[in-house]
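Participant: My structure is below; once you've seen it, I'll send some questions.
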Number of protein chains: 2
Amino acid sequence: MILPVYKDQFLIDKNITFLNFGSFGACPKPIFDEYIRWQYVLENEPVRFIAHNAMPNLETSRKALGAFLNCHHDHLVYVPNPTYAVNIVAKNFPLRPGDEILSTDLEYGACDRTWNYYCRKAGATYVRQHIGIPVTSKDQIIEQFKKGYSSKTKAIFISHITSSTALRLPVEEICEWAKSIGLITIVDGAHVPAHIPLDLSTLKADIYTGACHKWMMTPKGSTFFYAKPEFQDMFDPLIISWGYEAAMPSHSQFLDYHQMTGTRDFSAYLTVPKAIEFLKDHNWTEVSAACRKMVQDNYPVICDLLGTQPLCPINDDFLGQMCSTPINCPEPEKLHQLLFNEYKIEIPVFRHGDKVFIRFSVQAFNSQQDLDYLFATLKTLKTKGMF
Amino acid sequence: MILPVYKDQFLIDKNITFLNFGSFGACPKPIFDEYIRWQYVLENEPVRFIAHNAMPNLETSRKALGAFLNCHHDHLVYVPNPTYAVNIVAKNFPLRPGDEILSTDLEYGACDRTWNYYCRKAGATYVRQHIGIPVTSKDQIIEQFKKGYSSKTKAIFISHITSSTALRLPVEEICEWAKSIGLITIVDGAHVPAHIPLDLSTLKADIYTGACHKWMMTPKGSTFFYAKPEFQDMFDPLIISWGYEAAMPSHSQFLDYHQMTGTRDFSAYLTVPKAIEFLKDHNWTEVSAACRKMVQDNYPVICDLLGTQPLCPINDDFLGQMCSTPINCPEPEKLHQLLFNEYKIEIPVFRHGDKVFIRFSVQAFNSQQDLDYLFATLKTLKTKGMF
């Protein structure tokens, strides 16, 4: 059995049935140790670490990440999280009154807020095109998405894997279409790196952000912001600092602007090569496939239990290592707390629009017993009238 | 002898004569251990740490810091660094064409860039009023600063301790004056906390930022942003995220806006209570006084050596634990590298405008031998014609 053998690699409390890898990931010990190692390097000589060795150390890390994502390392910069990257894009996007950004109604709430905020400021509109769920096919999603297009659309913004609904969207095809009609393509791949295949050289995304601290399992606060060369000069820094009008500019304004944003401990960024090594050394392609299989085997079970339907066809086109189903629960926060406090199950119960969803993730340390325990617990709570 | 007994408390490479505490501080071991401890807590249950316990844990930390700075803890939020805080302020400051922000020509370059950027966008002017150095008295500084005032001035922005020139400015008196004529007072106290006395209840600063990761010695990337209640709603978040138009707002928009900025490891913020405890347990008021004395004793020595004058009267009104002097050196980067590579001395050599400054800091682990070695080295390099 591939999966629970990895339980000892993680630092997560073993008394907890941890079914929410999707929100913040978790660090295997060798990657966490690498984090601490870099923090000792920092304290050994803070000036060397922060001022003098920062650029070369970050470059080494970006090179490993570039090879992993199949793109040039200078087209990537590290930022704390995908929301930060989306803020860089939305703040600087040349929006004029009447312009539209085409998105879906399945996006992450923080990014909805970001686009709404900057569109409102510019007199533009953030169009959250409705995607009917359950989704039935890639074509259905693409056709529904296209309905949001108008002559005012300047760019599309779309999640590669959605958050509350855990759906893999046909972003490859959607970007292909969007580029064919001259739109800028911006993809929120928060959940993607090391979760489903990602090749930035073939994907027609002009701008892409992906968290390293989720499925790549680096420490929290490490994420990449990718932009194709022709878009790199579109973005002023979110934090104006020494990299803006730099006294000694490097070969890349993109790097100067977004890498030099004031003192911080960026050790998490430097663990990326170790994380990639960990994935390779532990045959993560197989581990991930086994996790996906467990998701696909169990998705109908939770749906039966809750009297719902899966949100999508059950296959790799639509699902990664997590799945989500509506739950008829007026107080999701209460259910979430009850599951944790009484049953030691960590699983998210989200509000999204007027619906509530429960989502489970499967990672290498999870076993079928974890899911069986979740299902038994949900049955008990259902009997008690909790939903 | 008070000072070098603390050498073993720090993690800095003992082969290096470390005279640049001012740039990034350094962590004593007990504070660093507290950092690692929180990072293990995070990995033990990432969802608890980031989503559920974040607000109460941050509140506990802000309470300790509020008591230390003599202000209410809800008037403080943590941000990564002072430049970040200044960006929040400048981005949101209600600037209109023609408006002026009055500052000095001794400010930190990253903050100059920030104000220039946002003033330019608004058609406003960032006025870098000339302060003649050497400064001779508080009154001289105040009078020179006032010359920059006009009827268009909306706010003042000033460093409490300057960076390249290491001068303590009479910010208490300047804020008093500015408030008396109705200006908003914004103070960059990057170098101040646990360096010189700071009481936010008596200082007439409407907005103040101070790094915890310098003289308070917390891990890198921990800084406070303080705003008086009447100014707290002036600032939209720098990163629009869940805290903006929050689904379940707390009692404070200020906290919601600036605390919830996406996934990151904010363990450094949580070490502040331990840092304050460390300062108390190790009689840091005395340690700091001994360090200031060492600075004051040695300031004339380095000036004699370089054929310059101190930048200010040598007393606590103008100096903390660092001092700076011009050096006639056309390639400061080269001198800095030489001092490090050949002599293992870490000391900053800064360009500021058309001048170059060399600045030494004295912290608990430094000894008179460190400074004597610096002086001997500078003598050698002077003989060799390096400056």
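Residue numbers start at 1 in each chain; chains themselves are named A, B, ... in the order of the structure tokens; ligands are numbered from 1 in the order shown.
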Rotate and translate chain B onto chain A via least squares on all in-order Cα pairs, then write the result as a short mmCIF file (atom, residue, chain, number, x, y, z; two decimals) with C-alpha atoms, in the first residue's frame.

Facilitator:
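As written to disk, out_14.cif reads:
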```
data_model
loop_
_atom_site.label_atom_id
_atom_site.label_comp_id
_atom_site.auth_asym_id
_atom_site.auth_seq_id
_atom_site.Cartn_x
_atom_site.Cartn_y
_atom_site.Cartn_z
CA MET B 1 -0.04 0.04 0.02
CA ILE B 2 1.57 3.24 -1.09
CA LEU B 3 -0.05 5.84 1.04
CA PRO B 4 0.13 5.76 4.82
CA VAL B 5 3.78 4.68 4.78
CA TYR B 6 4.51 8.38 4.39
CA LYS B 7 2.77 9.33 7.59
CA ASP B 8 6.05 9.54 9.51
CA GLN B 9 7.45 11.98 6.98
CA PHE B 10 5.06 14.68 8.11
CA LEU B 11 4.87 16.71 11.30
CA ILE B 12 1.08 16.77 11.49
CA ASP B 13 -0.47 15.70 14.79
CA LYS B 14 -1.20 12.00 14.41
CA ASN B 15 -4.29 12.27 16.59
CA ILE B 16 -5.97 14.32 13.90
CA THR B 17 -7.62 12.92 10.80
CA PHE B 18 -6.23 15.56 8.48
CA LEU B 19 -8.36 15.85 5.36
CA ASN B 20 -7.57 19.45 4.48
CA PHE B 21 -4.27 19.37 2.71
CA GLY B 22 -5.75 21.69 0.09
CA SER B 23 -5.86 24.85 2.16
CA PHE B 24 -2.28 25.20 3.34
CA GLY B 25 -0.43 21.97 2.53
CA ALA B 26 2.03 20.63 5.09
CA CYS B 27 5.79 20.13 5.11
CA PRO B 28 7.52 16.75 5.05
CA LYS B 29 10.35 16.69 7.58
CA PRO B 30 13.25 16.88 5.09
CA ILE B 31 11.75 20.04 3.56
CA PHE B 32 11.02 21.52 6.98
CA ASP B 33 14.60 20.73 8.07
CA GLU B 34 15.86 22.55 4.99
CA TYR B 35 13.76 25.56 6.06
CA ILE B 36 15.34 25.60 9.52
CA ARG B 37 18.77 25.11 7.97
CA TRP B 38 18.32 28.27 5.87
CA GLN B 39 17.09 30.17 8.90
CA TYR B 40 20.31 29.26 10.71
CA VAL B 41 22.26 30.43 7.66
CA LEU B 42 20.40 33.72 7.90
CA GLU B 43 21.20 34.17 11.59
CA ASN B 44 24.80 33.18 11.02
CA GLU B 45 25.28 36.37 9.02
CA PRO B 46 22.08 38.36 8.42
CA VAL B 47 23.71 40.92 6.13
CA ARG B 48 25.15 38.26 3.82
CA PHE B 49 21.86 36.43 3.67
CA ILE B 50 19.54 39.37 3.12
CA ALA B 51 21.68 41.83 1.20
CA HIS B 52 24.52 40.03 -0.53
CA ASN B 53 23.54 36.44 -1.18
CA ALA B 54 19.83 36.96 -1.67
CA MET B 55 19.86 37.33 -5.45
CA PRO B 56 22.15 34.35 -6.19
CA ASN B 57 20.35 32.13 -3.66
CA LEU B 58 16.97 33.06 -5.08
CA GLU B 59 18.29 32.45 -8.60
CA THR B 60 19.41 28.93 -7.65
CA SER B 61 15.92 28.27 -6.33
CA ARG B 62 14.21 29.79 -9.37
CA LYS B 63 16.38 27.66 -11.66
CA ALA B 64 15.13 24.47 -10.00
CA LEU B 65 11.55 25.71 -10.16
CA GLY B 66 11.91 26.82 -13.79
CA ALA B 67 13.09 23.33 -14.73
CA PHE B 68 10.16 21.84 -12.82
CA LEU B 69 7.60 24.07 -14.56
CA ASN B 70 9.37 24.12 -17.92
CA CYS B 71 9.96 27.85 -18.18
CA HIS B 72 12.92 30.19 -17.95
CA HIS B 73 13.77 30.97 -14.34
CA ASP B 74 13.88 34.71 -15.00
CA HIS B 75 10.18 34.63 -15.89
CA LEU B 76 9.38 33.62 -12.31
CA VAL B 77 9.62 35.53 -9.06
CA TYR B 78 8.71 34.38 -5.58
CA VAL B 79 5.91 36.09 -3.68
CA PRO B 80 4.24 35.05 -0.40
CA ASN B 81 0.98 33.72 -1.81
CA PRO B 82 -1.21 33.61 -4.93
CA THR B 83 -3.44 36.42 -3.66
CA TYR B 84 -0.36 38.62 -3.50
CA ALA B 85 0.41 37.79 -7.14
CA VAL B 86 -3.16 38.50 -8.21
CA ASN B 87 -2.93 41.84 -6.40
CA ILE B 88 0.19 42.72 -8.40
CA VAL B 89 -1.70 41.97 -11.59
CA ALA B 90 -5.01 43.65 -10.75
CA LYS B 91 -3.44 46.78 -9.26
CA ASN B 92 -1.40 47.36 -12.41
CA PHE B 93 -3.70 46.07 -15.10
CA PRO B 94 -4.36 48.92 -17.55
CA LEU B 95 -8.10 49.03 -16.92
CA ARG B 96 -10.23 51.78 -18.45
CA PRO B 97 -13.84 52.64 -17.71
CA GLY B 98 -16.11 50.06 -19.30
CA ASP B 99 -13.43 47.39 -19.59
CA GLU B 100 -14.26 43.89 -18.46
CA ILE B 101 -12.25 41.09 -16.86
CA LEU B 102 -13.92 37.78 -17.63
CA SER B 103 -13.88 35.23 -14.83
CA THR B 104 -16.14 32.54 -13.37
CA ASP B 105 -18.39 32.32 -10.34
CA LEU B 106 -16.19 29.55 -8.93
CA GLU B 107 -13.17 31.69 -8.06
CA TYR B 108 -11.41 32.08 -4.73
CA GLY B 109 -12.99 34.77 -2.54
CA ALA B 110 -9.79 36.71 -1.90
CA CYS B 111 -9.18 37.04 -5.65
CA ASP B 112 -12.81 38.03 -6.29
CA ARG B 113 -12.31 40.79 -3.74
CA THR B 114 -9.07 41.90 -5.42
CA TRP B 115 -10.55 42.16 -8.91
CA ASN B 116 -13.72 43.79 -7.64
CA TYR B 117 -11.67 46.39 -5.80
CA TYR B 118 -9.43 47.37 -8.69
CA CYS B 119 -12.17 47.12 -11.34
CA ARG B 120 -14.42 49.39 -9.27
CA LYS B 121 -11.61 51.93 -8.92
CA ALA B 122 -11.18 52.00 -12.70
CA GLY B 123 -14.87 51.95 -13.59
CA ALA B 124 -14.36 48.51 -15.09
CA THR B 125 -16.34 45.33 -14.44
CA TYR B 126 -15.26 42.01 -13.03
CA VAL B 127 -17.57 39.53 -14.78
CA ARG B 128 -18.15 36.38 -12.72
CA GLN B 129 -19.63 34.22 -15.47
CA HIS B 130 -21.88 31.47 -14.13
CA ILE B 131 -20.63 27.90 -14.58
CA GLY B 132 -23.40 25.42 -13.88
CA ILE B 133 -22.54 22.62 -11.51
CA PRO B 134 -22.44 19.68 -11.70
CA VAL B 135 -20.24 20.24 -14.75
CA THR B 136 -20.77 17.60 -17.39
CA SER B 137 -17.94 18.08 -19.88
CA LYS B 138 -15.06 20.35 -20.77
CA ASP B 139 -17.10 21.68 -23.69
CA GLN B 140 -20.00 22.63 -21.42
CA ILE B 141 -17.65 24.64 -19.19
CA ILE B 142 -15.95 26.30 -22.16
CA GLU B 143 -19.26 27.22 -23.81
CA GLN B 144 -20.65 28.67 -20.58
CA PHE B 145 -17.47 30.61 -19.96
CA LYS B 146 -17.51 32.08 -23.49
CA LYS B 147 -20.97 33.49 -22.85
CA GLY B 148 -19.34 36.01 -20.53
CA TYR B 149 -17.24 37.42 -23.34
CA SER B 150 -18.03 40.79 -24.85
CA SER B 151 -16.18 43.31 -27.01
CA LYS B 152 -15.20 45.02 -23.75
CA THR B 153 -13.36 41.98 -22.39
CA LYS B 154 -9.65 42.70 -21.98
CA ALA B 155 -8.47 39.63 -20.12
CA ILE B 156 -9.61 36.38 -18.61
CA PHE B 157 -8.90 35.39 -15.02
CA ILE B 158 -9.58 31.78 -14.11
CA SER B 159 -8.62 29.14 -11.57
CA HIS B 160 -6.85 26.05 -12.86
CA ILE B 161 -8.29 24.15 -9.89
CA THR B 162 -11.09 25.86 -7.99
CA SER B 163 -11.01 26.14 -4.23
CA SER B 164 -14.42 25.49 -2.63
CA THR B 165 -15.56 23.21 -5.45
CA ALA B 166 -12.18 21.48 -6.07
CA LEU B 167 -12.76 21.32 -9.83
CA ARG B 168 -10.02 21.13 -12.40
CA LEU B 169 -11.18 23.52 -15.12
CA PRO B 170 -10.22 23.14 -18.81
CA VAL B 171 -7.81 26.03 -18.57
CA GLU B 172 -5.60 24.71 -21.38
CA GLU B 173 -8.50 24.95 -23.88
CA ILE B 174 -9.84 28.20 -22.43
CA CYS B 175 -6.45 29.92 -22.71
CA GLU B 176 -6.11 28.64 -26.28
CA TRP B 177 -9.46 30.23 -27.17
CA ALA B 178 -8.73 33.47 -25.30
CA LYS B 179 -5.37 33.96 -26.99
CA SER B 180 -6.96 33.27 -30.39
CA ILE B 181 -9.16 36.33 -29.89
CA GLY B 182 -6.42 38.51 -28.43
CA LEU B 183 -7.22 38.43 -24.72
CA ILE B 184 -4.62 38.44 -21.95
CA THR B 185 -4.78 35.18 -19.99
CA ILE B 186 -4.28 35.20 -16.23
CA VAL B 187 -4.44 31.89 -14.38
CA ASP B 188 -4.77 31.33 -10.65
CA GLY B 189 -3.01 28.01 -10.20
CA ALA B 190 -2.86 28.20 -6.41
CA HIS B 191 -3.63 24.48 -6.06
CA VAL B 192 -1.73 23.23 -9.10
CA PRO B 193 2.05 22.76 -8.70
CA ALA B 194 2.86 19.10 -7.93
CA HIS B 195 -0.87 18.37 -7.86
CA ILE B 196 -1.70 18.06 -11.55
CA PRO B 197 0.69 18.38 -14.52
CA LEU B 198 1.79 21.93 -15.28
CA ASP B 199 3.96 22.94 -18.24
CA LEU B 200 4.22 26.69 -18.60
CA SER B 201 5.84 26.42 -22.03
CA THR B 202 2.78 24.79 -23.61
CA LEU B 203 -0.01 26.35 -21.52
CA LYS B 204 -1.11 29.59 -23.14
CA ALA B 205 -1.19 31.53 -19.90
CA ASP B 206 0.41 34.96 -20.11
CA ILE B 207 0.42 35.25 -16.35
CA TYR B 208 0.27 32.37 -13.88
CA THR B 209 0.60 32.04 -10.13
CA GLY B 210 0.95 28.82 -8.17
CA ALA B 211 1.53 28.13 -4.50
CA CYS B 212 4.62 26.10 -3.66
CA HIS B 213 3.37 25.76 -0.08
CA LYS B 214 0.39 23.58 -0.97
CA TRP B 215 1.05 20.43 -3.02
CA MET B 216 4.78 21.08 -3.51
CA MET B 217 4.89 21.02 0.28
CA THR B 218 7.34 23.87 0.96
CA PRO B 219 6.91 25.98 4.10
CA LYS B 220 4.10 28.52 4.12
CA GLY B 221 4.48 31.80 2.27
CA SER B 222 6.18 30.57 -0.91
CA THR B 223 4.48 31.02 -4.24
CA PHE B 224 5.60 31.83 -7.75
CA PHE B 225 4.42 34.64 -9.98
CA TYR B 226 5.10 33.92 -13.64
CA ALA B 227 4.76 36.34 -16.53
CA LYS B 228 5.67 35.90 -20.17
CA PRO B 229 8.43 38.35 -21.18
CA GLU B 230 6.07 40.67 -23.10
CA PHE B 231 4.00 41.21 -19.93
CA GLN B 232 6.77 41.52 -17.36
CA ASP B 233 7.07 45.29 -17.60
CA MET B 234 3.35 45.81 -17.09
CA PHE B 235 3.59 45.50 -13.32
CA ASP B 236 4.91 48.01 -10.83
CA PRO B 237 5.87 46.45 -7.50
CA LEU B 238 3.12 45.96 -4.93
CA ILE B 239 5.62 47.24 -2.37
CA ILE B 240 7.72 50.09 -3.73
CA SER B 241 11.22 49.56 -2.35
CA TRP B 242 14.87 49.51 -3.45
CA GLY B 243 14.03 47.51 -6.58
CA TYR B 244 11.99 50.36 -8.02
CA GLU B 245 14.26 52.84 -9.81
CA ALA B 246 17.05 50.61 -8.54
CA ALA B 247 20.42 52.25 -8.00
CA MET B 248 22.12 49.26 -9.58
CA PRO B 249 19.53 47.52 -11.74
CA SER B 250 20.01 43.89 -12.69
CA HIS B 251 19.33 42.50 -16.19
CA SER B 252 15.62 42.24 -15.32
CA GLN B 253 13.26 44.94 -14.13
CA PHE B 254 10.73 42.19 -13.39
CA LEU B 255 13.09 40.63 -10.84
CA ASP B 256 14.21 43.97 -9.39
CA TYR B 257 10.64 45.13 -8.92
CA HIS B 258 9.19 42.04 -7.30
CA GLN B 259 12.15 40.41 -5.52
CA MET B 260 13.29 43.44 -3.55
CA THR B 261 10.39 44.29 -1.27
CA GLY B 262 12.07 44.97 2.06
CA THR B 263 13.50 42.85 4.86
CA ARG B 264 11.87 39.50 5.47
CA ASP B 265 12.88 35.91 6.08
CA PHE B 266 12.60 34.40 2.60
CA SER B 267 14.01 31.02 3.65
CA ALA B 268 10.79 29.35 2.49
CA TYR B 269 11.60 30.38 -1.09
CA LEU B 270 14.97 28.65 -0.85
CA THR B 271 13.50 25.27 0.08
CA VAL B 272 11.97 24.76 -3.38
CA PRO B 273 14.92 22.74 -4.78
CA LYS B 274 14.74 20.41 -1.78
CA ALA B 275 10.98 20.05 -2.24
CA ILE B 276 11.44 19.10 -5.90
CA GLU B 277 14.13 16.60 -4.89
CA PHE B 278 11.76 15.15 -2.29
CA LEU B 279 9.03 14.69 -4.91
CA LYS B 280 11.44 12.86 -7.20
CA ASP B 281 13.05 10.72 -4.51
CA HIS B 282 9.66 9.59 -3.26
CA ASN B 283 8.10 8.77 -6.65
CA TRP B 284 5.49 11.42 -6.16
CA THR B 285 3.95 10.86 -9.59
CA GLU B 286 2.85 7.43 -8.36
CA VAL B 287 1.91 8.67 -4.91
CA SER B 288 -0.21 11.38 -6.46
CA ALA B 289 -1.91 8.93 -8.83
CA ALA B 290 -2.73 6.66 -5.88
CA CYS B 291 -4.20 9.63 -4.02
CA ARG B 292 -6.31 10.62 -7.04
CA LYS B 293 -7.58 7.06 -7.26
CA MET B 294 -8.60 7.18 -3.62
CA VAL B 295 -10.45 10.44 -4.26
CA GLN B 296 -12.23 8.98 -7.27
CA ASP B 297 -13.17 5.79 -5.42
CA ASN B 298 -14.59 7.71 -2.48
CA TYR B 299 -16.25 10.64 -4.17
CA PRO B 300 -19.48 8.71 -4.92
CA VAL B 301 -19.54 7.40 -1.36
CA ILE B 302 -19.66 10.81 0.29
CA CYS B 303 -22.20 12.00 -2.29
CA ASP B 304 -24.47 9.02 -1.57
CA LEU B 305 -24.13 9.70 2.10
CA LEU B 306 -25.11 13.35 1.70
CA GLY B 307 -27.76 12.70 -0.95
CA THR B 308 -25.91 14.76 -3.55
CA GLN B 309 -24.21 14.20 -6.88
CA PRO B 310 -20.51 14.59 -7.70
CA LEU B 311 -19.79 18.07 -9.08
CA CYS B 312 -18.16 16.60 -12.20
CA PRO B 313 -17.46 13.41 -14.13
CA ILE B 314 -15.17 11.30 -11.96
CA ASN B 315 -11.87 11.26 -13.84
CA ASP B 316 -8.50 13.00 -14.08
CA ASP B 317 -9.87 15.68 -16.39
CA PHE B 318 -11.83 17.20 -13.53
CA LEU B 319 -10.33 15.94 -10.30
CA GLY B 320 -7.00 16.00 -8.52
CA GLN B 321 -6.35 14.98 -4.94
CA MET B 322 -9.45 16.61 -3.55
CA CYS B 323 -13.17 16.68 -4.16
CA SER B 324 -16.06 18.71 -2.90
CA THR B 325 -19.79 18.26 -2.49
CA PRO B 326 -22.62 20.50 -1.38
CA ILE B 327 -23.92 19.94 2.12
CA ASN B 328 -27.21 21.20 3.41
CA CYS B 329 -25.88 22.95 6.48
CA PRO B 330 -26.98 26.40 7.59
CA GLU B 331 -24.02 26.99 9.91
CA PRO B 332 -20.89 25.60 8.23
CA GLU B 333 -18.55 27.12 10.84
CA LYS B 334 -20.38 25.19 13.54
CA LEU B 335 -20.15 21.89 11.65
CA HIS B 336 -16.47 22.45 10.99
CA GLN B 337 -15.77 23.13 14.66
CA LEU B 338 -17.82 20.15 15.76
CA LEU B 339 -15.93 17.82 13.42
CA PHE B 340 -12.66 19.10 14.79
CA ASN B 341 -13.49 19.43 18.47
CA GLU B 342 -15.47 16.24 18.92
CA TYR B 343 -14.06 13.97 16.25
CA LYS B 344 -10.57 15.37 15.56
CA ILE B 345 -11.31 15.61 11.87
CA GLU B 346 -9.84 18.59 10.04
CA ILE B 347 -11.96 19.16 6.94
CA PRO B 348 -13.18 22.43 5.45
CA VAL B 349 -16.86 23.32 5.23
CA PHE B 350 -17.05 26.39 3.00
CA ARG B 351 -19.66 28.94 2.12
CA HIS B 352 -19.50 29.79 -1.57
CA GLY B 353 -22.20 32.16 -2.74
CA ASP B 354 -25.46 30.80 -1.33
CA LYS B 355 -24.16 27.23 -1.12
CA VAL B 356 -22.10 25.31 1.40
CA PHE B 357 -19.50 22.71 0.37
CA ILE B 358 -17.52 20.10 2.22
CA ARG B 359 -14.19 19.15 0.63
CA PHE B 360 -11.77 16.36 1.40
CA SER B 361 -8.16 16.15 0.28
CA VAL B 362 -6.08 13.01 0.04
CA GLN B 363 -2.33 13.22 0.54
CA ALA B 364 0.34 10.54 0.99
CA PHE B 365 -0.29 10.22 4.72
CA ASN B 366 -4.01 9.55 4.37
CA SER B 367 -5.55 6.09 4.34
CA GLN B 368 -8.92 4.60 3.44
CA GLN B 369 -9.52 4.38 7.20
CA ASP B 370 -9.39 8.19 7.39
CA LEU B 371 -12.20 8.47 4.85
CA ASP B 372 -14.18 5.65 6.40
CA TYR B 373 -13.96 7.45 9.73
CA LEU B 374 -15.12 10.68 8.08
CA PHE B 375 -18.07 8.91 6.50
CA ALA B 376 -19.06 7.17 9.73
CA THR B 377 -18.87 10.50 11.55
CA LEU B 378 -20.96 12.28 8.94
CA LYS B 379 -23.56 9.50 9.18
CA THR B 380 -23.74 10.00 12.94
CA LEU B 381 -24.10 13.77 12.59
CA LYS B 382 -26.72 13.37 9.88
CA THR B 383 -28.70 11.12 12.19
CA LYS B 384 -28.45 13.82 14.84
CA GLY B 385 -29.91 16.33 12.37
CA MET B 386 -26.80 18.45 11.98
CA PHE B 387 -27.47 18.73 8.22
#
```

Participant: Please give the complete set of residues from region 7-73 of chain A that DSSP, run on the backbone, assigns to alpha helix (DSSP H), formatted as number ranges by chain.

Facilitator: A: 21-24, 29-44, 46-47, 54-69

Participant: Output the selection as a compact mmCIF listing (two decimals), in the first residue's frame - C-alpha atoms for each residue.

Facilitator:
```
# COMPACT_ATOMS: atom_id res chain seq x y z
CA PHE A 21 -4.26 19.37 2.71
CA GLY A 22 -5.76 21.67 0.09
CA SER A 23 -5.86 24.84 2.16
CA PHE A 24 -2.29 25.19 3.36
CA LYS A 29 10.35 16.68 7.58
CA PRO A 30 13.25 16.87 5.08
CA ILE A 31 11.76 20.04 3.56
CA PHE A 32 11.03 21.52 6.98
CA ASP A 33 14.61 20.73 8.08
CA GLU A 34 15.86 22.55 5.00
CA TYR A 35 13.77 25.55 6.06
CA ILE A 36 15.34 25.59 9.53
CA ARG A 37 18.78 25.11 7.98
CA TRP A 38 18.32 28.26 5.88
CA GLN A 39 17.09 30.17 8.91
CA TYR A 40 20.30 29.26 10.72
CA VAL A 41 22.26 30.41 7.67
CA LEU A 42 20.39 33.72 7.90
CA GLU A 43 21.21 34.17 11.60
CA ASN A 44 24.81 33.18 11.02
CA PRO A 46 22.08 38.37 8.42
CA VAL A 47 23.72 40.93 6.13
CA ALA A 54 19.82 36.96 -1.68
CA MET A 55 19.87 37.33 -5.45
CA PRO A 56 22.16 34.35 -6.19
CA ASN A 57 20.35 32.12 -3.66
CA LEU A 58 16.98 33.06 -5.10
CA GLU A 59 18.30 32.44 -8.58
CA THR A 60 19.41 28.93 -7.65
CA SER A 61 15.94 28.26 -6.34
CA ARG A 62 14.22 29.79 -9.39
CA LYS A 63 16.38 27.64 -11.66
CA ALA A 64 15.14 24.46 -10.01
CA LEU A 65 11.56 25.72 -10.16
CA GLY A 66 11.91 26.82 -13.78
CA ALA A 67 13.11 23.33 -14.73
CA PHE A 68 10.17 21.84 -12.82
CA LEU A 69 7.61 24.09 -14.57
```
